[in-house]
$ cat coords.pdb   # PDB, C-alpha atoms and all ligand atoms
ATOM      1  CA  ALA A   1      57.539 -48.510  -8.774
ATOM      2  CA  ASP A   2      59.052 -48.415 -12.265
ATOM      3  CA  PRO A   3      62.330 -46.608 -13.041
ATOM      4  CA  ASP A   4      62.139 -42.932 -14.000
ATOM      5  CA  PRO A   5      61.962 -42.031 -17.694
ATOM      6  CA  LEU A   6      65.127 -40.696 -19.330
ATOM      7  CA  GLN A   7      63.273 -38.740 -22.034
ATOM      8  CA  ASP A   8      59.831 -37.176 -22.563
ATOM      9  CA  PHE A   9      58.448 -40.400 -23.948
ATOM     10  CA  CYS A  10      59.516 -43.717 -25.370
ATOM     11  CA  VAL A  11      56.593 -45.233 -27.241
ATOM     12  CA  ALA A  12      57.237 -48.969 -27.125
ATOM     13  CA  ASP A  13      58.343 -50.758 -30.235
ATOM     14  CA  LEU A  14      56.719 -54.038 -29.214
ATOM     15  CA  GLY A  15      57.887 -55.867 -32.301
ATOM     16  CA  SER A  16      61.542 -54.963 -31.971
ATOM     17  CA  SER A  17      64.017 -57.798 -32.233
ATOM     18  CA  ALA A  18      66.301 -56.236 -29.591
ATOM     19  CA  SER A  19      66.113 -59.239 -27.304
ATOM     20  CA  VAL A  20      67.551 -58.367 -23.887
ATOM     21  CA  LEU A  21      66.110 -55.182 -22.424
ATOM     22  CA  ASN A  22      64.446 -54.230 -19.146
ATOM     23  CA  GLY A  23      61.267 -53.014 -20.830
ATOM     24  CA  PHE A  24      60.771 -52.164 -24.489
ATOM     25  CA  PRO A  25      62.889 -50.106 -26.897
ATOM     26  CA  CYS A  26      61.493 -46.806 -28.200
ATOM     27  CA  LYS A  27      59.999 -46.264 -31.596
ATOM     28  CA  PRO A  28      61.861 -43.422 -33.411
ATOM     29  CA  ALA A  29      60.382 -40.088 -32.242
ATOM     30  CA  SER A  30      59.886 -39.072 -35.867
ATOM     31  CA  ASN A  31      57.347 -41.896 -36.213
ATOM     32  CA  VAL A  32      55.370 -40.953 -33.088
ATOM     33  CA  SER A  33      51.946 -39.344 -33.466
ATOM     34  CA  SER A  34      49.061 -38.365 -31.205
ATOM     35  CA  ASP A  35      47.591 -41.797 -31.733
ATOM     36  CA  ASP A  36      50.488 -43.308 -29.778
ATOM     37  CA  PHE A  37      49.222 -41.524 -26.654
ATOM     38  CA  PHE A  38      45.619 -42.591 -27.208
ATOM     39  CA  PHE A  39      44.037 -45.900 -26.165
ATOM     40  CA  ASP A  40      40.497 -46.982 -26.893
ATOM     41  CA  GLY A  41      40.853 -50.500 -25.514
ATOM     42  CA  LEU A  42      38.912 -49.960 -22.296
ATOM     43  CA  SER A  43      35.769 -48.528 -23.858
ATOM     44  CA  LYS A  44      33.986 -51.838 -24.298
ATOM     45  CA  GLU A  45      32.501 -54.168 -21.696
ATOM     46  CA  GLY A  46      34.600 -57.325 -21.228
ATOM     47  CA  ASN A  47      33.149 -60.802 -21.656
ATOM     48  CA  THR A  48      32.341 -62.101 -18.183
ATOM     49  CA  THR A  49      31.066 -65.478 -19.384
ATOM     50  CA  ASN A  50      33.695 -67.592 -17.609
ATOM     51  CA  ILE A  51      33.947 -69.529 -14.350
ATOM     52  CA  PHE A  52      34.802 -66.421 -12.326
ATOM     53  CA  GLY A  53      32.132 -64.140 -13.811
ATOM     54  CA  SER A  54      34.620 -61.316 -14.307
ATOM     55  CA  ASN A  55      36.896 -59.942 -16.993
ATOM     56  CA  VAL A  56      40.027 -57.826 -16.776
ATOM     57  CA  THR A  57      40.816 -55.791 -19.883
ATOM     58  CA  ALA A  58      44.428 -54.678 -19.563
ATOM     59  CA  GLY A  59      45.670 -51.220 -20.434
ATOM     60  CA  SER A  60      49.334 -52.042 -19.853
ATOM     61  CA  VAL A  61      52.336 -51.227 -22.026
ATOM     62  CA  VAL A  62      51.616 -54.416 -23.947
ATOM     63  CA  THR A  63      48.252 -53.157 -25.196
ATOM     64  CA  PHE A  64      49.032 -49.421 -24.922
ATOM     65  CA  PRO A  65      52.665 -48.984 -26.049
ATOM     66  CA  GLY A  66      52.604 -45.233 -25.337
ATOM     67  CA  LEU A  67      52.873 -46.085 -21.622
ATOM     68  CA  ASN A  68      56.415 -47.381 -22.054
ATOM     69  CA  THR A  69      58.793 -45.868 -19.427
ATOM     70  CA  LEU A  70      56.001 -43.746 -17.895
ATOM     71  CA  GLY A  71      55.415 -45.950 -14.860
ATOM     72  CA  ILE A  72      51.632 -46.214 -14.977
ATOM     73  CA  SER A  73      48.864 -48.401 -16.399
ATOM     74  CA  ILE A  74      45.126 -48.967 -16.047
ATOM     75  CA  ASN A  75      42.719 -51.906 -16.337
ATOM     76  CA  ARG A  76      39.009 -52.211 -16.839
ATOM     77  CA  VAL A  77      37.306 -54.850 -14.695
ATOM     78  CA  ASP A  78      33.779 -56.002 -15.543
ATOM     79  CA  PHE A  79      31.732 -58.163 -13.195
ATOM     80  CA  ALA A  80      28.681 -60.283 -13.864
ATOM     81  CA  ILE A  81      26.243 -60.695 -10.976
ATOM     82  CA  GLY A  82      28.162 -62.495  -8.228
ATOM     83  CA  GLY A  83      31.374 -62.332 -10.247
ATOM     84  CA  VAL A  84      34.779 -62.426  -8.578
ATOM     85  CA  ASN A  85      38.174 -61.240  -9.726
ATOM     86  CA  PRO A  86      39.987 -64.043  -7.890
ATOM     87  CA  PRO A  87      42.801 -63.533  -5.368
ATOM     88  CA  HIS A  88      45.951 -62.343  -7.123
ATOM     89  CA  SER A  89      48.954 -60.107  -6.593
ATOM     90  CA  HIS A  90      50.952 -57.616  -8.647
ATOM     91  CA  PRO A  91      54.690 -58.001  -8.089
ATOM     92  CA  ARG A  92      55.523 -54.603  -9.566
ATOM     93  CA  ALA A  93      52.752 -52.191  -8.542
ATOM     94  CA  THR A  94      50.448 -50.691  -5.979
ATOM     95  CA  GLU A  95      46.842 -50.589  -7.271
ATOM     96  CA  THR A  96      43.928 -48.234  -6.799
ATOM     97  CA  VAL A  97      40.451 -49.644  -7.451
ATOM     98  CA  LEU A  98      37.861 -47.091  -8.571
ATOM     99  CA  VAL A  99      34.311 -48.384  -8.787
ATOM    100  CA  ILE A 100      32.246 -46.841 -11.580
ATOM    101  CA  SER A 101      28.998 -48.721 -11.039
ATOM    102  CA  GLY A 102      27.553 -51.427  -8.835
ATOM    103  CA  GLN A 103      28.715 -52.593  -5.405
ATOM    104  CA  VAL A 104      32.109 -54.213  -5.167
ATOM    105  CA  LEU A 105      33.748 -55.869  -2.162
ATOM    106  CA  VAL A 106      37.479 -55.182  -2.378
ATOM    107  CA  GLY A 107      39.863 -56.947  -0.009
ATOM    108  CA  PHE A 108      43.553 -57.598   0.515
ATOM    109  CA  VAL A 109      45.593 -59.607   2.994
ATOM    110  CA  THR A 110      48.904 -58.483   4.459
ATOM    111  CA  THR A 111      52.061 -60.568   4.738
ATOM    112  CA  GLY A 112      50.996 -61.007   8.362
ATOM    113  CA  ASN A 113      47.616 -62.432   7.261
ATOM    114  CA  VAL A 114      45.562 -59.440   8.344
ATOM    115  CA  TYR A 115      42.542 -58.914   6.078
ATOM    116  CA  PHE A 116      41.386 -55.413   5.104
ATOM    117  CA  SER A 117      38.255 -54.864   3.013
ATOM    118  CA  LYS A 118      35.506 -52.477   2.042
ATOM    119  CA  VAL A 119      32.365 -52.481  -0.085
ATOM    120  CA  LEU A 120      32.682 -49.692  -2.668
ATOM    121  CA  THR A 121      30.041 -47.934  -4.731
ATOM    122  CA  ALA A 122      30.351 -45.497  -7.636
ATOM    123  CA  GLY A 123      33.201 -43.021  -7.261
ATOM    124  CA  GLN A 124      34.817 -44.738  -4.281
ATOM    125  CA  ILE A 125      38.407 -45.968  -4.183
ATOM    126  CA  PHE A 126      40.398 -48.599  -2.293
ATOM    127  CA  VAL A 127      44.172 -48.931  -2.426
ATOM    128  CA  ILE A 128      45.977 -52.257  -2.641
ATOM    129  CA  PRO A 129      49.570 -52.017  -1.406
ATOM    130  CA  ARG A 130      52.161 -53.386  -3.809
ATOM    131  CA  GLY A 131      52.529 -57.141  -3.960
ATOM    132  CA  LEU A 132      49.726 -58.059  -1.568
ATOM    133  CA  VAL A 133      47.114 -60.695  -2.411
ATOM    134  CA  HIS A 134      43.740 -59.092  -3.151
ATOM    135  CA  PHE A 135      40.405 -59.678  -4.880
ATOM    136  CA  GLN A 136      37.184 -57.959  -5.870
ATOM    137  CA  LYS A 137      33.673 -59.420  -5.762
ATOM    138  CA  ASN A 138      30.452 -58.042  -7.111
ATOM    139  CA  VAL A 139      28.112 -57.999  -4.117
ATOM    140  CA  GLY A 140      25.383 -55.862  -5.695
ATOM    141  CA  PRO A 141      22.132 -56.863  -7.432
ATOM    142  CA  GLY A 142      23.343 -56.085 -10.980
ATOM    143  CA  LYS A 143      26.518 -55.933 -13.014
ATOM    144  CA  ALA A 144      29.475 -53.928 -11.730
ATOM    145  CA  LEU A 145      32.318 -51.990 -13.310
ATOM    146  CA  ALA A 146      35.645 -50.808 -11.915
ATOM    147  CA  PHE A 147      38.865 -49.313 -13.243
ATOM    148  CA  THR A 148      42.158 -50.208 -11.607
ATOM    149  CA  SER A 149      45.290 -48.081 -11.868
ATOM    150  CA  PHE A 150      48.898 -49.078 -11.251
ATOM    151  CA  ASN A 151      52.242 -47.385 -10.701
ATOM    152  CA  SER A 152      53.878 -49.685 -13.227
ATOM    153  CA  GLN A 153      53.579 -49.945 -16.996
ATOM    154  CA  LEU A 154      53.340 -53.723 -16.542
ATOM    155  CA  PRO A 155      52.242 -54.633 -13.000
ATOM    156  CA  GLY A 156      52.079 -58.375 -13.685
ATOM    157  CA  ALA A 157      49.383 -60.525 -12.086
ATOM    158  CA  ALA A 158      50.023 -63.744 -10.206
ATOM    159  CA  ILE A 159      46.533 -65.279  -9.952
ATOM    160  CA  VAL A 160      46.617 -67.503  -6.865
ATOM    161  CA  PRO A 161      44.217 -70.296  -7.939
ATOM    162  CA  LEU A 162      45.799 -70.552 -11.385
ATOM    163  CA  ASN A 163      49.345 -70.360  -9.988
ATOM    164  CA  LEU A 164      48.600 -73.256  -7.654
ATOM    165  CA  PHE A 165      46.191 -75.416  -9.641
ATOM    166  CA  ALA A 166      46.694 -74.599 -13.326
ATOM    167  CA  SER A 167      50.418 -74.098 -13.828
ATOM    168  CA  THR A 168      52.375 -75.609 -16.718
ATOM    169  CA  PRO A 169      53.500 -78.175 -15.837
ATOM    170  CA  LEU A 170      51.206 -78.763 -12.859
ATOM    171  CA  ILE A 171      52.443 -78.609  -9.256
ATOM    172  CA  PRO A 172      52.540 -82.258  -8.040
ATOM    173  CA  ASN A 173      49.466 -83.357  -6.075
ATOM    174  CA  ASP A 174      51.500 -84.387  -3.029
ATOM    175  CA  VAL A 175      52.652 -80.795  -2.603
ATOM    176  CA  LEU A 176      49.074 -79.525  -2.718
ATOM    177  CA  THR A 177      47.494 -82.259  -0.595
ATOM    178  CA  LYS A 178      50.082 -81.707   2.144
ATOM    179  CA  THR A 179      49.809 -77.913   1.845
ATOM    180  CA  PHE A 180      46.039 -77.775   2.096
ATOM    181  CA  GLN A 181      45.574 -80.880   4.292
ATOM    182  CA  VAL A 182      43.126 -82.492   1.863
ATOM    183  CA  GLY A 183      43.083 -85.615  -0.300
ATOM    184  CA  ASP A 184      43.905 -86.135  -3.970
ATOM    185  CA  ASP A 185      40.192 -86.057  -4.750
ATOM    186  CA  VAL A 186      39.917 -82.445  -3.632
ATOM    187  CA  VAL A 187      43.093 -81.364  -5.438
ATOM    188  CA  ASN A 188      42.052 -83.167  -8.630
ATOM    189  CA  SER A 189      38.616 -81.599  -8.452
ATOM    190  CA  ILE A 190      40.073 -78.109  -8.155
ATOM    191  CA  LYS A 191      42.607 -78.752 -10.933
ATOM    192  CA  SER A 192      39.818 -79.955 -13.220
ATOM    193  CA  LYS A 193      37.886 -76.730 -12.751
ATOM    194  CA  PHE A 194      40.799 -74.699 -14.082
ATOM    195  CA  SER A 195      42.005 -76.940 -16.894
ATOM    196  CA  SER A 196      40.979 -75.626 -20.282
TER     197      SER A 196
HETATM  198  C1  LIG B 201      42.260 -55.821 -10.272
HETATM  199  O1  LIG B 201      42.589 -56.205  -9.151
HETATM  200  C2  LIG B 201      43.209 -55.698 -11.328
HETATM  201  O2  LIG B 201      44.330 -56.148 -11.074
HETATM  202  O3  LIG B 201      42.905 -55.139 -12.398
HETATM  203 MN    MN B 202      44.738 -56.385  -8.955
END

$ encode --input "coords.pdb" --output "C-alpha cells" --more "lines below"
Ligand code: GLV
Ligand code: MN
Amino acid sequence: ADPDPLQDFCVADLGSSASVLNGFPCKPASNVSSDDFFFDGLSKEGNTTNIFGSNVTAGSVVTFPGLNTLGISINRVDFAIGGVNPPHSHPRATETVLVISGQVLVGFVTTGNVYFSKVLTAGQIFVIPRGLVHFQKNVGPGKALAFTSFNSQLPGAAIVPLNLFASTPLIPNDVLTKTFQVGDDVVNSIKSKFSS
C-alpha cells in the first residue's frame, strides 16, 4: 500500500530534523552497512503480563529503519493463555497472520459487518484485508506465538477499545452511553479498566 521506492534503499534517518516529509529521509548511502538491513528485535518473547494477556513487538520502520520506503513490515505477537490481541485496524496495510505455535482464533469484520474467522495452528496463515477491524485470541491450552506481516513500513494500529475508552482527552460519556445504549456506570467501568 506504500508508494514505490525511488532508489535501491533509503535507510531511515529517524533523528533527522527535516520536519515535513511523507515518511523519513534517507541516511547517506556512504554510512549504510549490513547492520542497517538486519533486525534482532523480534527474537525475544514479549511481556504478556497486562490486561489483554498479549504483546505486540513491532518491526516497523520506527524500530527497523532499514524498512524505510520498502513497503513492508513485520510484528511479533505473543499470547499468554487466554490472551487476546484486542480488536484493531491498520489504516495503511493488509496483514497476514502466521501462527508459529499454539492455537489462535483470528477474526475480522467487514464494513458490512460480516465476520470471518479461523482457528490457526503452526504454519497456517490468515489474511486481514486492509483497514478492517480484526483480533487474535489464544484458544489453545498453552502460550501462543504469531508473526504478522504488512504491506506498509508503518501500518498504524487503531485499537478499538483504547480509541473509544482511553483517548486523550477522553470521549465524553454521553457520546458513549448513547452509542452503546448503556449507563454512565458501564462507560465509567470500562474507562477505568484502560486508564493507566
Ligand atoms: C496483529 O494483528 C498485529 O497487528 O500485529
Ligand atoms: Mn493487526

$ closest_residue --input "coords.pdb" --among "A:Ala144, A:Ile74, A:Ala80, A:Leu162" --to "ligand LIG 201 (chain B)" --atoms "all atoms listed in the file"
A:Ile74

$ resolve_selection --input "coords.pdb" --expression "the PyMOL selection byres (((not hetatm)) within 10 of (chain B and resi 202))" --output "NGL selection string"
:A and (56 or 75 or 77 or 85-90 or 93-97 or 106 or 108 or 127-136 or 148-150 or 155-159)

$ resolve_selection --input "coords.pdb" --expression "the PyMOL selection byres (((chain A and resi 105) around 7) and not hetatm)" --output "short mmCIF file (atom, residue, chain, number, x, y, z; two decimals) with C-alpha atoms, keeping the file's coordinate frame"
data_model
loop_
_atom_site.label_atom_id
_atom_site.label_comp_id
_atom_site.auth_asym_id
_atom_site.auth_seq_id
_atom_site.Cartn_x
_atom_site.Cartn_y
_atom_site.Cartn_z
CA GLN A 103 28.72 -52.59 -5.40
CA VAL A 104 32.11 -54.21 -5.17
CA VAL A 106 37.48 -55.18 -2.38
CA GLY A 107 39.86 -56.95 -0.01
CA SER A 117 38.26 -54.86 3.01
CA LYS A 118 35.51 -52.48 2.04
CA VAL A 119 32.36 -52.48 -0.08
CA LEU A 120 32.68 -49.69 -2.67
CA GLN A 136 37.18 -57.96 -5.87
CA LYS A 137 33.67 -59.42 -5.76
CA ASN A 138 30.45 -58.04 -7.11
CA VAL A 139 28.11 -58.00 -4.12
#

$ axis_aligned_box --input "coords.pdb" --around "ligand LIG 201 (chain B)" --padding-each-side "5 Å" --output "JSON"
{"center_x": 43.3, "center_y": -55.7, "center_z": -10.8, "size_x": 12.1, "size_y": 11.1, "size_z": 13.2}

$ resolve_selection --input "coords.pdb" --expression "the PyMOL selection byres (((chain A and resi 61) around 12) and not hetatm)" --output "MDAnalysis selection string"
chainID A and resid 10:14 23:26 36:37 39 58:60 62:75 150:156

$ atom_distance --input "coords.pdb" --atom1 "CA of Phe165 in chain A" --atom2 "CA of Lys191 in chain A"
5.1 Å

$ closest_residue --input "coords.pdb" --among "A:Asn47, A:Ser54, A:Ser30, A:Ser17" --to "ligand LIG 201 (chain B)" --atoms "only C-alpha atoms and all ligand atoms"
A:Ser54

$ atom_distance --input "coords.pdb" --atom1 "CA of Leu98 in chain A" --atom2 "CA of Asp4 in chain A"
25.2 Å

$ atom_distance --input "coords.pdb" --atom1 "CA of Val84 in chain A" --atom2 "CA of Ile190 in chain A"
16.6 Å

$ closest_residue --input "coords.pdb" --among "A:Gly41, A:Pro91, A:Pro3, A:Pro28" --to "ligand LIG 201 (chain B)" --atoms "only C-alpha atoms and all ligand atoms"
A:Pro91

$ closest_residue --input "coords.pdb" --among "A:Val114, A:Phe180, A:Arg92, A:Ser34" --to "Ala1 in chain A" --atoms "only C-alpha atoms"
A:Arg92

$ build_atoms --input "coords.pdb" --residues "range 47-78 of chain A" --atoms "N, CA and C atoms" --output "JSON list (two decimals), keeping the file's coordinate frame"
[["chain", "number", "residue", "atom", "x", "y", "z"],
["A", 47, "ASN", "N", 34.01, -59.62, -21.68],
["A", 47, "ASN", "CA", 33.15, -60.80, -21.66],
["A", 47, "ASN", "C", 33.30, -61.54, -20.33],
["A", 48, "THR", "N", 32.28, -61.50, -19.52],
["A", 48, "THR", "CA", 32.34, -62.10, -18.18],
["A", 48, "THR", "C", 31.80, -63.54, -18.15],
["A", 49, "THR", "N", 31.57, -64.10, -19.33],
["A", 49, "THR", "CA", 31.07, -65.48, -19.38],
["A", 49, "THR", "C", 32.24, -66.45, -19.20],
["A", 50, "ASN", "N", 32.62, -66.66, -17.95],
["A", 50, "ASN", "CA", 33.70, -67.59, -17.61],
["A", 50, "ASN", "C", 33.45, -68.04, -16.18],
["A", 51, "ILE", "N", 34.26, -68.96, -15.67],
["A", 51, "ILE", "CA", 33.95, -69.53, -14.35],
["A", 51, "ILE", "C", 33.95, -68.48, -13.23],
["A", 52, "PHE", "N", 34.73, -67.43, -13.39],
["A", 52, "PHE", "CA", 34.80, -66.42, -12.33],
["A", 52, "PHE", "C", 33.72, -65.35, -12.45],
["A", 53, "GLY", "N", 33.14, -65.19, -13.62],
["A", 53, "GLY", "CA", 32.13, -64.14, -13.81],
["A", 53, "GLY", "C", 32.73, -62.75, -13.77],
["A", 54, "SER", "N", 33.99, -62.63, -14.24],
["A", 54, "SER", "CA", 34.62, -61.32, -14.31],
["A", 54, "SER", "C", 35.56, -61.28, -15.50],
["A", 55, "ASN", "N", 35.96, -60.08, -15.88],
["A", 55, "ASN", "CA", 36.90, -59.94, -16.99],
["A", 55, "ASN", "C", 37.78, -58.72, -16.78],
["A", 56, "VAL", "N", 39.08, -58.93, -16.87],
["A", 56, "VAL", "CA", 40.03, -57.83, -16.78],
["A", 56, "VAL", "C", 40.51, -57.50, -18.18],
["A", 57, "THR", "N", 40.27, -56.27, -18.61],
["A", 57, "THR", "CA", 40.82, -55.79, -19.88],
["A", 57, "THR", "C", 42.02, -54.93, -19.53],
["A", 58, "ALA", "N", 43.20, -55.33, -20.00],
["A", 58, "ALA", "CA", 44.43, -54.68, -19.56],
["A", 58, "ALA", "C", 44.77, -53.48, -20.43],
["A", 59, "GLY", "N", 45.11, -52.39, -19.76],
["A", 59, "GLY", "CA", 45.67, -51.22, -20.43],
["A", 59, "GLY", "C", 47.10, -51.06, -19.95],
["A", 60, "SER", "N", 47.91, -52.07, -20.24],
["A", 60, "SER", "CA", 49.33, -52.04, -19.85],
["A", 60, "SER", "C", 50.15, -51.66, -21.07],
["A", 61, "VAL", "N", 51.46, -51.57, -20.90],
["A", 61, "VAL", "CA", 52.34, -51.23, -22.03],
["A", 61, "VAL", "C", 52.17, -52.20, -23.19],
["A", 62, "VAL", "N", 51.75, -53.42, -22.89],
["A", 62, "VAL", "CA", 51.62, -54.42, -23.95],
["A", 62, "VAL", "C", 50.46, -54.10, -24.90],
["A", 63, "THR", "N", 49.38, -53.52, -24.34],
["A", 63, "THR", "CA", 48.25, -53.16, -25.20],
["A", 63, "THR", "C", 48.28, -51.68, -25.57],
["A", 64, "PHE", "N", 48.98, -50.88, -24.76],
["A", 64, "PHE", "CA", 49.03, -49.42, -24.92],
["A", 64, "PHE", "C", 50.51, -49.01, -24.89],
["A", 65, "PRO", "N", 51.21, -49.16, -26.02],
["A", 65, "PRO", "CA", 52.66, -48.98, -26.05],
["A", 65, "PRO", "C", 53.14, -47.59, -25.65],
["A", 66, "GLY", "N", 52.25, -46.59, -25.74],
["A", 66, "GLY", "CA", 52.60, -45.23, -25.34],
["A", 66, "GLY", "C", 52.95, -45.12, -23.86],
["A", 67, "LEU", "N", 52.56, -46.11, -23.05],
["A", 67, "LEU", "CA", 52.87, -46.08, -21.62],
["A", 67, "LEU", "C", 54.33, -46.42, -21.32],
["A", 68, "ASN", "N", 55.04, -46.93, -22.31],
["A", 68, "ASN", "CA", 56.42, -47.38, -22.05],
["A", 68, "ASN", "C", 57.25, -46.30, -21.36],
["A", 69, "THR", "N", 57.91, -46.68, -20.29],
["A", 69, "THR", "CA", 58.79, -45.87, -19.43],
["A", 69, "THR", "C", 58.06, -44.85, -18.55],
["A", 70, "LEU", "N", 56.73, -44.78, -18.63],
["A", 70, "LEU", "CA", 56.00, -43.75, -17.90],
["A", 70, "LEU", "C", 55.52, -44.20, -16.52],
["A", 71, "GLY", "N", 55.64, -45.49, -16.23],
["A", 71, "GLY", "CA", 55.42, -45.95, -14.86],
["A", 71, "GLY", "C", 53.98, -46.05, -14.41],
["A", 72, "ILE", "N", 53.04, -46.07, -15.37],
["A", 72, "ILE", "CA", 51.63, -46.21, -14.98],
["A", 72, "ILE", "C", 50.91, -47.13, -15.96],
["A", 73, "SER", "N", 49.76, -47.66, -15.51],
["A", 73, "SER", "CA", 48.86, -48.40, -16.40],
["A", 73, "SER", "C", 47.49, -48.48, -15.75],
["A", 74, "ILE", "N", 46.52, -48.98, -16.50],
["A", 74, "ILE", "CA", 45.13, -48.97, -16.05],
["A", 74, "ILE", "C", 44.39, -50.15, -16.65],
["A", 75, "ASN", "N", 43.55, -50.79, -15.86],
["A", 75, "ASN", "CA", 42.72, -51.91, -16.34],
["A", 75, "ASN", "C", 41.25, -51.58, -16.18],
["A", 76, "ARG", "N", 40.46, -52.23, -17.01],
["A", 76, "ARG", "CA", 39.01, -52.21, -16.84],
["A", 76, "ARG", "C", 38.60, -53.57, -16.29],
["A", 77, "VAL", "N", 37.76, -53.58, -15.25],
["A", 77, "VAL", "CA", 37.31, -54.85, -14.70],
["A", 77, "VAL", "C", 35.78, -54.88, -14.71],
["A", 78, "ASP", "N", 35.24, -55.82, -15.47],
["A", 78, "ASP", "CA", 33.78, -56.00, -15.54],
["A", 78, "ASP", "C", 33.38, -57.21, -14.70]]
